[in-house]
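Asks: To be precise about what I am sending: the file is called input_26.pdb and holds PDB, C-alpha atoms and all ligand atoms.
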MODEL        1
ATOM      1  CA  MET D   5     127.461  85.205 116.852  1.00  0.00           C
ATOM      2  CA  ARG D   6     124.085  85.878 118.401  1.00  0.00           C
ATOM      3  CA  GLY D   7     121.166  85.955 116.012  1.00  0.00           C
ATOM      4  CA  LEU D   8     118.840  88.406 114.421  1.00  0.00           C
ATOM      5  CA  SER D   9     117.221  90.795 116.911  1.00  0.00           C
ATOM      6  CA  THR D  10     115.943  93.782 114.928  1.00  0.00           C
ATOM      7  CA  ILE D  11     113.787  94.026 111.807  1.00  0.00           C
ATOM      8  CA  ALA D  12     113.196  97.341 110.034  1.00  0.00           C
ATOM      9  CA  PHE D  13     110.432  97.911 107.518  1.00  0.00           C
ATOM     10  CA  ASP D  14     110.127 100.390 104.689  1.00  0.00           C
ATOM     11  CA  ALA D  15     106.696 102.079 104.573  1.00  0.00           C
ATOM     12  CA  ASP D  16     105.678 103.244 101.067  1.00  0.00           C
ATOM     13  CA  ASP D  17     104.673 100.282  98.872  1.00  0.00           C
ATOM     14  CA  THR D  18     105.865  97.858 101.546  1.00  0.00           C
ATOM     15  CA  LEU D  19     103.199  98.503 104.218  1.00  0.00           C
ATOM     16  CA  TRP D  20     100.791 100.645 102.205  1.00  0.00           C
ATOM     17  CA  HIS D  21     100.273 101.731  98.613  1.00  0.00           C
ATOM     18  CA  SER D  22     102.022 104.955  97.649  1.00  0.00           C
ATOM     19  CA  GLU D  23     103.293 104.900  94.088  1.00  0.00           C
ATOM     20  CA  ARG D  24      99.773 104.470  92.691  1.00  0.00           C
ATOM     21  CA  VAL D  25      98.887 107.925  94.084  1.00  0.00           C
ATOM     22  CA  PHE D  26     101.897 109.399  92.273  1.00  0.00           C
ATOM     23  CA  LYS D  27     100.937 107.582  89.050  1.00  0.00           C
ATOM     24  CA  LEU D  28      97.330 108.770  89.309  1.00  0.00           C
ATOM     25  CA  THR D  29      98.533 112.337  89.867  1.00  0.00           C
ATOM     26  CA  GLU D  30     100.865 112.075  86.893  1.00  0.00           C
ATOM     27  CA  GLU D  31      97.914 111.018  84.711  1.00  0.00           C
ATOM     28  CA  ARG D  32      96.019 114.119  85.846  1.00  0.00           C
ATOM     29  CA  PHE D  33      99.102 116.232  85.140  1.00  0.00           C
ATOM     30  CA  ALA D  34      99.225 114.844  81.577  1.00  0.00           C
ATOM     31  CA  ALA D  35      95.481 115.472  81.128  1.00  0.00           C
ATOM     32  CA  LEU D  36      95.856 119.099  82.265  1.00  0.00           C
ATOM     33  CA  LEU D  37      98.597 119.666  79.706  1.00  0.00           C
ATOM     34  CA  ALA D  38      96.957 117.683  76.898  1.00  0.00           C
ATOM     35  CA  ASP D  39      95.782 120.810  75.041  1.00  0.00           C
ATOM     36  CA  HIS D  40      99.202 122.441  75.256  1.00  0.00           C
ATOM     37  CA  VAL D  41     101.814 119.765  74.540  1.00  0.00           C
ATOM     38  CA  ALA D  42     102.018 116.370  72.873  1.00  0.00           C
ATOM     39  CA  SER D  43     101.830 113.633  75.485  1.00  0.00           C
ATOM     40  CA  ASP D  44     104.823 111.881  73.868  1.00  0.00           C
ATOM     41  CA  GLY D  45     107.770 112.016  76.159  1.00  0.00           C
ATOM     42  CA  LEU D  46     105.995 114.080  78.825  1.00  0.00           C
ATOM     43  CA  SER D  47     106.421 111.360  81.417  1.00  0.00           C
ATOM     44  CA  GLN D  48     110.134 111.125  80.599  1.00  0.00           C
ATOM     45  CA  ARG D  49     110.526 114.907  80.913  1.00  0.00           C
ATOM     46  CA  LEU D  50     108.862 114.837  84.326  1.00  0.00           C
ATOM     47  CA  LEU D  51     111.101 111.988  85.467  1.00  0.00           C
ATOM     48  CA  GLU D  52     114.218 113.863  84.320  1.00  0.00           C
ATOM     49  CA  THR D  53     113.086 116.954  86.239  1.00  0.00           C
ATOM     50  CA  GLU D  54     112.413 114.883  89.359  1.00  0.00           C
ATOM     51  CA  LYS D  55     115.822 113.262  89.106  1.00  0.00           C
ATOM     52  CA  ARG D  56     117.556 116.616  88.707  1.00  0.00           C
ATOM     53  CA  ASN D  57     115.610 118.074  91.650  1.00  0.00           C
ATOM     54  CA  LEU D  58     116.299 115.282  94.150  1.00  0.00           C
ATOM     55  CA  GLN D  59     119.451 117.079  95.298  1.00  0.00           C
ATOM     56  CA  TYR D  60     117.403 120.208  96.083  1.00  0.00           C
ATOM     57  CA  TYR D  61     114.110 118.878  97.442  1.00  0.00           C
ATOM     58  CA  GLY D  62     114.758 115.255  98.430  1.00  0.00           C
ATOM     59  CA  PHE D  63     112.136 112.535  98.067  1.00  0.00           C
ATOM     60  CA  GLY D  64     108.407 112.995  98.491  1.00  0.00           C
ATOM     61  CA  ARG D  65     105.295 114.853  97.554  1.00  0.00           C
ATOM     62  CA  LYS D  66     106.491 118.470  97.745  1.00  0.00           C
ATOM     63  CA  GLY D  67     109.395 117.865  95.402  1.00  0.00           C
ATOM     64  CA  PHE D  68     107.069 116.025  93.034  1.00  0.00           C
ATOM     65  CA  VAL D  69     104.670 118.993  92.878  1.00  0.00           C
ATOM     66  CA  LEU D  70     107.525 121.432  92.236  1.00  0.00           C
ATOM     67  CA  SER D  71     108.815 119.127  89.494  1.00  0.00           C
ATOM     68  CA  MET D  72     105.373 118.986  87.837  1.00  0.00           C
ATOM     69  CA  ILE D  73     105.203 122.801  87.836  1.00  0.00           C
ATOM     70  CA  GLU D  74     108.736 123.130  86.471  1.00  0.00           C
ATOM     71  CA  THR D  75     108.073 120.550  83.743  1.00  0.00           C
ATOM     72  CA  ALA D  76     104.798 122.287  82.769  1.00  0.00           C
ATOM     73  CA  ILE D  77     106.649 125.587  82.374  1.00  0.00           C
ATOM     74  CA  ASP D  78     109.512 124.037  80.411  1.00  0.00           C
ATOM     75  CA  VAL D  79     107.501 121.908  77.975  1.00  0.00           C
ATOM     76  CA  THR D  80     105.246 124.870  77.065  1.00  0.00           C
ATOM     77  CA  ASP D  81     108.214 127.255  76.711  1.00  0.00           C
ATOM     78  CA  GLY D  82     106.791 129.285  79.548  1.00  0.00           C
ATOM     79  CA  LYS D  83     103.312 129.563  78.043  1.00  0.00           C
ATOM     80  CA  VAL D  84     101.456 127.316  80.500  1.00  0.00           C
ATOM     81  CA  PRO D  85      98.379 129.182  81.796  1.00  0.00           C
ATOM     82  CA  THR D  86      98.572 130.094  85.492  1.00  0.00           C
ATOM     83  CA  ALA D  87      95.207 128.369  85.992  1.00  0.00           C
ATOM     84  CA  ILE D  88      96.979 125.085  85.209  1.00  0.00           C
ATOM     85  CA  LEU D  89      99.785 125.876  87.664  1.00  0.00           C
ATOM     86  CA  ARG D  90      97.055 126.448  90.252  1.00  0.00           C
ATOM     87  CA  ASP D  91      95.571 123.027  89.364  1.00  0.00           C
ATOM     88  CA  LEU D  92      98.964 121.374  89.797  1.00  0.00           C
ATOM     89  CA  ILE D  93      99.294 122.837  93.285  1.00  0.00           C
ATOM     90  CA  ASP D  94      95.824 121.500  94.075  1.00  0.00           C
ATOM     91  CA  LEU D  95      96.857 118.050  92.811  1.00  0.00           C
ATOM     92  CA  GLY D  96      99.591 118.058  95.454  1.00  0.00           C
ATOM     93  CA  ARG D  97      97.035 118.809  98.168  1.00  0.00           C
ATOM     94  CA  ASP D  98      94.770 116.042  96.846  1.00  0.00           C
ATOM     95  CA  MET D  99      97.660 113.596  97.236  1.00  0.00           C
ATOM     96  CA  ALA D 100      97.889 114.459 100.938  1.00  0.00           C
ATOM     97  CA  ALA D 101      94.192 113.730 101.409  1.00  0.00           C
ATOM     98  CA  HIS D 102      94.328 110.367  99.630  1.00  0.00           C
ATOM     99  CA  PRO D 103      93.269 107.530 101.954  1.00  0.00           C
ATOM    100  CA  ILE D 104      95.946 105.136 103.191  1.00  0.00           C
ATOM    101  CA  GLU D 105      95.500 101.670 101.670  1.00  0.00           C
ATOM    102  CA  ILE D 106      97.361  99.086 103.721  1.00  0.00           C
ATOM    103  CA  LEU D 107      98.697  96.107 101.783  1.00  0.00           C
ATOM    104  CA  PRO D 108      97.361  92.583 102.545  1.00  0.00           C
ATOM    105  CA  ASP D 109      98.592  90.757 105.705  1.00  0.00           C
ATOM    106  CA  VAL D 110     100.616  93.756 106.911  1.00  0.00           C
ATOM    107  CA  ARG D 111      99.135  94.193 110.386  1.00  0.00           C
ATOM    108  CA  GLU D 112      99.075  90.446 111.128  1.00  0.00           C
ATOM    109  CA  THR D 113     102.676  90.055 110.009  1.00  0.00           C
ATOM    110  CA  LEU D 114     103.936  93.037 112.008  1.00  0.00           C
ATOM    111  CA  GLU D 115     102.113  91.821 115.123  1.00  0.00           C
ATOM    112  CA  ALA D 116     103.563  88.319 114.780  1.00  0.00           C
ATOM    113  CA  VAL D 117     107.109  89.503 114.090  1.00  0.00           C
ATOM    114  CA  ALA D 118     106.973  92.060 116.945  1.00  0.00           C
ATOM    115  CA  GLN D 119     106.547  89.217 119.437  1.00  0.00           C
ATOM    116  CA  ARG D 120     110.053  87.930 118.755  1.00  0.00           C
ATOM    117  CA  TYR D 121     111.958  90.892 117.362  1.00  0.00           C
ATOM    118  CA  ARG D 122     112.371  94.595 117.878  1.00  0.00           C
ATOM    119  CA  ILE D 123     110.638  96.232 114.908  1.00  0.00           C
ATOM    120  CA  LEU D 124     111.448  99.604 113.361  1.00  0.00           C
ATOM    121  CA  LEU D 125     110.019 101.760 110.595  1.00  0.00           C
ATOM    122  CA  VAL D 126     112.517 103.401 108.235  1.00  0.00           C
ATOM    123  CA  THR D 127     111.066 105.631 105.539  1.00  0.00           C
ATOM    124  CA  LYS D 128     112.246 108.530 103.425  1.00  0.00           C
ATOM    125  CA  GLY D 129     110.307 111.491 102.094  1.00  0.00           C
ATOM    126  CA  ASP D 130     108.676 114.642 103.422  1.00  0.00           C
ATOM    127  CA  LEU D 131     108.668 114.575 107.230  1.00  0.00           C
ATOM    128  CA  LEU D 132     105.116 115.866 107.698  1.00  0.00           C
ATOM    129  CA  ASP D 133     103.710 113.707 104.898  1.00  0.00           C
ATOM    130  CA  GLN D 134     105.264 110.527 106.299  1.00  0.00           C
ATOM    131  CA  GLU D 135     104.168 111.344 109.865  1.00  0.00           C
ATOM    132  CA  GLN D 136     100.612 111.883 108.686  1.00  0.00           C
ATOM    133  CA  LYS D 137     100.546 108.670 106.666  1.00  0.00           C
ATOM    134  CA  LEU D 138     101.851 106.692 109.621  1.00  0.00           C
ATOM    135  CA  ALA D 139      99.270 108.258 111.952  1.00  0.00           C
ATOM    136  CA  ARG D 140      96.444 107.477 109.537  1.00  0.00           C
ATOM    137  CA  SER D 141      97.664 103.905 108.996  1.00  0.00           C
ATOM    138  CA  GLY D 142      97.041 103.054 112.659  1.00  0.00           C
ATOM    139  CA  LEU D 143     100.250 100.960 112.618  1.00  0.00           C
ATOM    140  CA  GLY D 144     102.478 103.402 114.513  1.00  0.00           C
ATOM    141  CA  GLY D 145     102.077 101.736 117.910  1.00  0.00           C
ATOM    142  CA  LEU D 146     103.659  98.513 116.657  1.00  0.00           C
ATOM    143  CA  PHE D 147     107.089 100.033 116.058  1.00  0.00           C
ATOM    144  CA  GLN D 148     109.710 100.491 118.712  1.00  0.00           C
ATOM    145  CA  ALA D 149     111.197 103.385 116.757  1.00  0.00           C
ATOM    146  CA  VAL D 150     110.350 105.346 113.622  1.00  0.00           C
ATOM    147  CA  GLU D 151     113.059 106.966 111.511  1.00  0.00           C
ATOM    148  CA  ILE D 152     112.065 109.359 108.717  1.00  0.00           C
ATOM    149  CA  VAL D 153     115.249 110.025 106.789  1.00  0.00           C
ATOM    150  CA  SER D 154     116.202 112.137 103.781  1.00  0.00           C
ATOM    151  CA  ASP D 155     117.903 109.212 102.031  1.00  0.00           C
ATOM    152  CA  LYS D 156     118.654 105.540 102.653  1.00  0.00           C
ATOM    153  CA  SER D 157     122.376 104.965 102.291  1.00  0.00           C
ATOM    154  CA  PRO D 158     124.698 102.451 103.999  1.00  0.00           C
ATOM    155  CA  PRO D 159     125.584 104.977 106.770  1.00  0.00           C
ATOM    156  CA  THR D 160     121.838 105.493 107.390  1.00  0.00           C
ATOM    157  CA  TYR D 161     121.390 101.801 108.187  1.00  0.00           C
ATOM    158  CA  GLN D 162     124.626 101.638 110.163  1.00  0.00           C
ATOM    159  CA  ARG D 163     123.412 104.505 112.353  1.00  0.00           C
ATOM    160  CA  ILE D 164     119.824 103.278 112.779  1.00  0.00           C
ATOM    161  CA  PHE D 165     120.745  99.663 113.545  1.00  0.00           C
ATOM    162  CA  THR D 166     123.373 100.815 116.030  1.00  0.00           C
ATOM    163  CA  ARG D 167     121.066 103.294 117.733  1.00  0.00           C
ATOM    164  CA  HIS D 168     117.914 101.181 117.904  1.00  0.00           C
ATOM    165  CA  GLY D 169     119.236  97.631 117.563  1.00  0.00           C
ATOM    166  CA  ASP D 170     122.306  95.510 118.268  1.00  0.00           C
ATOM    167  CA  GLY D 171     124.235  96.631 115.199  1.00  0.00           C
ATOM    168  CA  PRO D 172     123.807  95.918 111.468  1.00  0.00           C
ATOM    169  CA  GLU D 173     124.888  92.233 111.677  1.00  0.00           C
ATOM    170  CA  ARG D 174     121.945  91.399 113.895  1.00  0.00           C
ATOM    171  CA  SER D 175     119.465  93.437 111.833  1.00  0.00           C
ATOM    172  CA  MET D 176     117.276  93.035 108.760  1.00  0.00           C
ATOM    173  CA  MET D 177     115.695  95.562 106.378  1.00  0.00           C
ATOM    174  CA  VAL D 178     112.492  94.678 104.513  1.00  0.00           C
ATOM    175  CA  GLY D 179     111.243  96.741 101.580  1.00  0.00           C
ATOM    176  CA  ASN D 180     110.148  97.099  97.972  1.00  0.00           C
ATOM    177  CA  SER D 181     113.179  99.027  96.728  1.00  0.00           C
ATOM    178  CA  LEU D 182     116.364  97.143  95.874  1.00  0.00           C
ATOM    179  CA  LYS D 183     118.158 100.457  95.650  1.00  0.00           C
ATOM    180  CA  SER D 184     117.027 102.041  98.937  1.00  0.00           C
ATOM    181  CA  ASP D 185     116.025  99.158 101.178  1.00  0.00           C
ATOM    182  CA  VAL D 186     118.022  96.090 100.179  1.00  0.00           C
ATOM    183  CA  VAL D 187     121.400  96.944  98.663  1.00  0.00           C
ATOM    184  CA  PRO D 188     122.548  99.555 101.248  1.00  0.00           C
ATOM    185  CA  ALA D 189     121.444  97.327 104.160  1.00  0.00           C
ATOM    186  CA  ILE D 190     123.377  94.361 102.758  1.00  0.00           C
ATOM    187  CA  GLU D 191     126.368  96.604 102.248  1.00  0.00           C
ATOM    188  CA  VAL D 192     126.643  97.205 106.007  1.00  0.00           C
ATOM    189  CA  GLY D 193     126.237  93.496 106.808  1.00  0.00           C
ATOM    190  CA  SER D 194     122.495  93.308 107.507  1.00  0.00           C
ATOM    191  CA  TRP D 195     119.897  91.063 105.955  1.00  0.00           C
ATOM    192  CA  GLY D 196     118.066  92.630 102.979  1.00  0.00           C
ATOM    193  CA  ILE D 197     114.631  91.281 102.125  1.00  0.00           C
ATOM    194  CA  PHE D 198     113.088  92.388  98.844  1.00  0.00           C
ATOM    195  CA  ILE D 199     109.306  92.340  98.407  1.00  0.00           C
ATOM    196  CA  PRO D 200     108.603  93.622  94.872  1.00  0.00           C
ATOM    197  CA  HIS D 201     105.622  95.925  94.384  1.00  0.00           C
ATOM    198  CA  PRO D 202     104.180  96.060  90.857  1.00  0.00           C
ATOM    199  CA  LEU D 203     104.406  99.861  90.845  1.00  0.00           C
ATOM    200  CA  THR D 204     107.863 100.962  91.871  1.00  0.00           C
ATOM    201  CA  TRP D 205     109.261 104.345  90.906  1.00  0.00           C
ATOM    202  CA  ALA D 206     111.779 104.170  88.037  1.00  0.00           C
ATOM    203  CA  LEU D 207     114.482 105.779  90.181  1.00  0.00           C
ATOM    204  CA  GLU D 208     114.261 102.969  92.777  1.00  0.00           C
ATOM    205  CA  HIS D 209     115.306 100.216  90.359  1.00  0.00           C
ATOM    206  CA  THR D 210     118.703  98.606  90.522  1.00  0.00           C
ATOM    207  CA  ASP D 211     120.115  95.098  90.089  1.00  0.00           C
ATOM    208  CA  ALA D 212     119.638  92.513  92.810  1.00  0.00           C
ATOM    209  CA  PRO D 213     122.792  91.944  94.860  1.00  0.00           C
ATOM    210  CA  LYS D 214     125.009  89.087  93.667  1.00  0.00           C
ATOM    211  CA  ASP D 215     126.726  86.561  95.932  1.00  0.00           C
ATOM    212  CA  ALA D 216     124.913  88.000  98.931  1.00  0.00           C
ATOM    213  CA  PRO D 217     123.950  85.210 101.351  1.00  0.00           C
ATOM    214  CA  ARG D 218     121.825  87.657 103.349  1.00  0.00           C
ATOM    215  CA  PHE D 219     119.679  88.673 100.373  1.00  0.00           C
ATOM    216  CA  ARG D 220     116.221  87.128 100.012  1.00  0.00           C
ATOM    217  CA  GLN D 221     113.174  87.858  97.881  1.00  0.00           C
ATOM    218  CA  ILE D 222     109.619  87.044  98.902  1.00  0.00           C
ATOM    219  CA  GLU D 223     106.473  87.852  96.945  1.00  0.00           C
ATOM    220  CA  ARG D 224     104.328  89.178  99.793  1.00  0.00           C
ATOM    221  CA  ILE D 225     104.856  90.350 103.349  1.00  0.00           C
ATOM    222  CA  GLY D 226     102.806  87.404 104.649  1.00  0.00           C
ATOM    223  CA  GLU D 227     105.731  85.123 103.701  1.00  0.00           C
ATOM    224  CA  LEU D 228     108.057  86.853 106.149  1.00  0.00           C
ATOM    225  CA  SER D 229     107.279  84.669 109.180  1.00  0.00           C
ATOM    226  CA  ASN D 230     108.171  81.508 107.234  1.00  0.00           C
ATOM    227  CA  LEU D 231     111.349  83.111 105.975  1.00  0.00           C
ATOM    228  CA  LEU D 232     112.375  83.991 109.542  1.00  0.00           C
ATOM    229  CA  GLU D 233     111.777  80.368 110.610  1.00  0.00           C
ATOM    230  CA  GLU D 234     113.939  79.173 107.748  1.00  0.00           C
ATOM    231  CA  ILE D 235     116.747  81.587 108.627  1.00  0.00           C
ATOM    232  CA  HIS D 236     116.709  80.353 112.241  1.00  0.00           C
ATOM    233  CA  ARG D 237     116.874  76.697 111.280  1.00  0.00           C
TER     234      ARG D 237
HETATM  235 MG    MG Q 301     109.061 101.766  99.417  1.00  0.00          MG
ENDMDL
END
Translate the structure described by the file into structure tokens.
Replies:
Amino acid sequence: MRGLSTIAFDADDTLWHSERVFKLTEERFAALLADHVASDGLSQRLLETEKRNLQYYGFGRKGFVLSMIETAIDVTDGKVPTAILRDLIDLGRDMAAHPIEILPDVRETLEAVAQRYRILLVTKGDLLDQEQKLARSGLGGLFQAVEIVSDKSPPTYQRIFTRHGDGPERSMMVGNSLKSDVVPAIEVGSWGIFIPHPLTWALEHTDAPKDAPRFRQIERIGELSNLLEEIHR
């Protein structure tokens, strides 16, 4: 069988920080509600609301803002002042304006890998939000194709690696989520490379794949070139 030809990268918390903006916003959400509800369990309530709402809003900033508003209404039994709801909407806008912080060695690694492989970006979330983040990152020109999807399931990778690559067997997915980036890619026969990020959303956790010869973990993206050498040997 011919070798690896296509490498896809996740964006949020693989190429640039993202979850820290959500965490920071959640702290502000808790501070806004501090005079109205006990902070105990507030984070858990928000997470439960987000989880419940995924089927309606998908992943990303807009759904997060709606979930903060819904949680604020529910935990105050409907008594949350409208001024606070206004503040929560503003928090969502602040998230959009947050500067993009690219992780170490990202550009160098992408440039090096792009010399030998076709490289793709595969990210999920709000379309406009992801487009704007990519534009502001200045990394867009490095990718042969960009796919912004509503979810990352095995059929998603099957479709993307068939459309933009030479099929899943000759493709690799690199990302910080075992659940979204690694496990579904391995399921369709691709390589799945896990690069843990210290802040990863609770709903992205799952167990590492077992008995999967195409699963690898590296600690930073800068280790990818060495890993590719090793795979080729
Ligand atoms: Mg990610």
Asks: What does the distance from CA of Gly169 (chain D) to CA of Ile104 (chain D) come to in Å, to one decimal?
Replies: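 Going from CA of Gly169 (chain D) over to CA of Ile104 (chain D), I get 28.4 Å.
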Asks: Can you spell out as a list in words the set of residues that the PyMOL selection byres (((chain D and resi 144) around 12) and not hetatm) selects in the structure I just provided?
Replies: Phe13, Ala15, Leu19, Arg111, Leu114, Glu115, Ile123, Leu124, Leu125, Val126, Gln134, Glu135, Gln136, Lys137, Leu138, Ala139, Arg140, Ser141, Gly142, Leu143, Gly145, Leu146, Phe147, Gln148, Ala149, Val150 and Glu151 of chain D
Asks: Name the closest residue to ligand MG 301 (chain Q) among the candidates D:Ile199, D:Leu8, D:Ile88, D:Val117; distances are taken between atoms, counting only C-alpha atoms and all ligand atoms.
Replies: D:Ile199
Asks: Give me, as CSV, each residue of chain D that comes within 10 Å of ligand MG 301 (chain Q), together with its shortest interatomic pair and the distance in Å at one decimal, counting all atoms listed in the file, with rows ordered by chain and rising residue number.
Replies:
residue,atom,partner,partner_atom,distance
D:Phe13,CA,Q:MG301,MG,9.1
D:Asp14,CA,Q:MG301,MG,5.6
D:Ala15,CA,Q:MG301,MG,5.7
D:Asp16,CA,Q:MG301,MG,4.0
D:Asp17,CA,Q:MG301,MG,4.7
D:Thr18,CA,Q:MG301,MG,5.5
D:Leu19,CA,Q:MG301,MG,8.2
D:Trp20,CA,Q:MG301,MG,8.8
D:His21,CA,Q:MG301,MG,8.8
D:Ser22,CA,Q:MG301,MG,7.9
D:Glu23,CA,Q:MG301,MG,8.5
D:Val126,CA,Q:MG301,MG,9.6
D:Thr127,CA,Q:MG301,MG,7.5
D:Lys128,CA,Q:MG301,MG,8.5
D:Val178,CA,Q:MG301,MG,9.4
D:Gly179,CA,Q:MG301,MG,5.9
D:Asn180,CA,Q:MG301,MG,5.0
D:Ser181,CA,Q:MG301,MG,5.6
D:Leu182,CA,Q:MG301,MG,9.3
D:Lys183,CA,Q:MG301,MG,9.9
D:Ser184,CA,Q:MG301,MG,8.0
D:Asp185,CA,Q:MG301,MG,7.6
D:Ile199,CA,Q:MG301,MG,9.5
D:Pro200,CA,Q:MG301,MG,9.3
D:His201,CA,Q:MG301,MG,8.4
D:Leu203,CA,Q:MG301,MG,9.9
D:Thr204,CA,Q:MG301,MG,7.7
D:Trp205,CA,Q:MG301,MG,8.9
D:Glu208,CA,Q:MG301,MG,8.5
Asks: Counting all atoms listed in the file, which residue out of D:Asp215, D:Val192, D:Gly129, D:Leu28 sits closest to Leu58 (chain D)?
Replies: D:Gly129
Asks: By how many Å are CA of Asp98 (chain D) and CA of Val25 (chain D) apart?
Replies: 9.5 Å
Asks: Rank D:Gln119, D:Ser154, D:Ser9, D:Thr53 by their smallest atom-to-atom distance to Ile77 (chain D), using all atoms listed in the file, and report the top residue only.
Replies: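 Looking at the shortest contact to Ile77 (chain D), the residue is D:Thr53.
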Asks: Provide the CA of Ile197 (chain D) to CA of Thr210 (chain D) distance in Å, to one decimal place.
Replies: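 Interatomic distance, CA of Ile197 (chain D) to CA of Thr210 (chain D): 14.3 Å.
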Asks: When the PyMOL selection byres (((chain D and resi 49) around 12) and not hetatm) is applied to the structure above, which residues does it catch, written out as a PyMOL selection string?
Replies: chain D and resi 30+34+41-48+50-56+71-80
Asks: Give me the residues near Val110 (chain D) as an MDAnalysis selection string, where near means some atom within 8 Å (using only C-alpha atoms) and where sequence neighbours in that chain fewer than 3 positions away do not count.
Replies: chainID D and resid 19 106:107 113:114 225:226
Asks: Looking at D:Ser194, D:Arg97, D:Glu233, D:Pro188, which one is nearest to Thr166 (chain D), with distances taken over all atoms listed in the file?
Replies: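 Of D:Ser194, D:Arg97, D:Glu233, D:Pro188, the one nearest Thr166 (chain D) is D:Ser194, counting all atoms listed in the file.
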Asks: Output region 208-226 of chain D as an mmCIF file, in the frame of the given file, making sure N, CA and C atoms are there.
Replies:
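Below is the file selection.cif, written as the result:
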data_model
loop_
_atom_site.group_PDB
_atom_site.id
_atom_site.type_symbol
_atom_site.label_atom_id
_atom_site.label_comp_id
_atom_site.auth_asym_id
_atom_site.auth_seq_id
_atom_site.Cartn_x
_atom_site.Cartn_y
_atom_site.Cartn_z
ATOM 1 N N GLU D 208 113.963 103.923 91.692
ATOM 2 C CA GLU D 208 114.261 102.969 92.777
ATOM 3 C C GLU D 208 114.764 101.627 92.247
ATOM 4 N N HIS D 209 114.870 101.500 90.918
ATOM 5 C CA HIS D 209 115.306 100.216 90.359
ATOM 6 C C HIS D 209 116.828 100.096 90.366
ATOM 7 N N THR D 210 117.287 98.932 90.703
ATOM 8 C CA THR D 210 118.703 98.606 90.522
ATOM 9 C C THR D 210 118.791 97.084 90.461
ATOM 10 N N ASP D 211 119.981 96.555 90.171
ATOM 11 C CA ASP D 211 120.115 95.098 90.089
ATOM 12 C C ASP D 211 120.101 94.472 91.477
ATOM 13 N N ALA D 212 119.609 93.250 91.543
ATOM 14 C CA ALA D 212 119.638 92.513 92.810
ATOM 15 C C ALA D 212 121.090 92.225 93.175
ATOM 16 N N PRO D 213 121.408 92.211 94.469
ATOM 17 C CA PRO D 213 122.792 91.944 94.860
ATOM 18 C C PRO D 213 123.217 90.531 94.467
ATOM 19 N N LYS D 214 124.481 90.405 94.054
ATOM 20 C CA LYS D 214 125.009 89.087 93.667
ATOM 21 C C LYS D 214 125.874 88.537 94.795
ATOM 22 N N ASP D 215 125.901 87.218 94.910
ATOM 23 C CA ASP D 215 126.726 86.561 95.932
ATOM 24 C C ASP D 215 126.492 87.165 97.312
ATOM 25 N N ALA D 216 125.239 87.415 97.636
ATOM 26 C CA ALA D 216 124.913 88.000 98.931
ATOM 27 C C ALA D 216 124.070 86.995 99.709
ATOM 28 N N PRO D 217 124.700 86.242 100.632
ATOM 29 C CA PRO D 217 123.950 85.210 101.351
ATOM 30 C C PRO D 217 122.833 85.776 102.227
ATOM 31 N N ARG D 218 122.872 87.073 102.511
ATOM 32 C CA ARG D 218 121.825 87.657 103.349
ATOM 33 C C ARG D 218 120.746 88.369 102.528
ATOM 34 N N PHE D 219 120.737 88.125 101.225
ATOM 35 C CA PHE D 219 119.679 88.673 100.373
ATOM 36 C C PHE D 219 118.596 87.615 100.159
ATOM 37 N N ARG D 220 117.341 88.020 100.319
ATOM 38 C CA ARG D 220 116.221 87.128 100.012
ATOM 39 C C ARG D 220 115.133 87.928 99.302
ATOM 40 N N GLN D 221 114.354 87.237 98.487
ATOM 41 C CA GLN D 221 113.174 87.858 97.881
ATOM 42 C C GLN D 221 111.953 87.041 98.253
ATOM 43 N N ILE D 222 110.898 87.704 98.691
ATOM 44 C CA ILE D 222 109.619 87.044 98.902
ATOM 45 C C ILE D 222 108.575 87.821 98.106
ATOM 46 N N GLU D 223 107.435 87.198 97.833
ATOM 47 C CA GLU D 223 106.473 87.852 96.945
ATOM 48 C C GLU D 223 105.443 88.675 97.694
ATOM 49 N N ARG D 224 105.261 88.385 98.985
ATOM 50 C CA ARG D 224 104.328 89.178 99.793
ATOM 51 C C ARG D 224 104.803 89.177 101.233
ATOM 52 N N ILE D 225 104.362 90.197 101.986
ATOM 53 C CA ILE D 225 104.856 90.350 103.349
ATOM 54 C C ILE D 225 104.415 89.173 104.235
ATOM 55 N N GLY D 226 103.300 88.546 103.885
ATOM 56 C CA GLY D 226 102.806 87.404 104.649
ATOM 57 C C GLY D 226 103.778 86.221 104.663
#
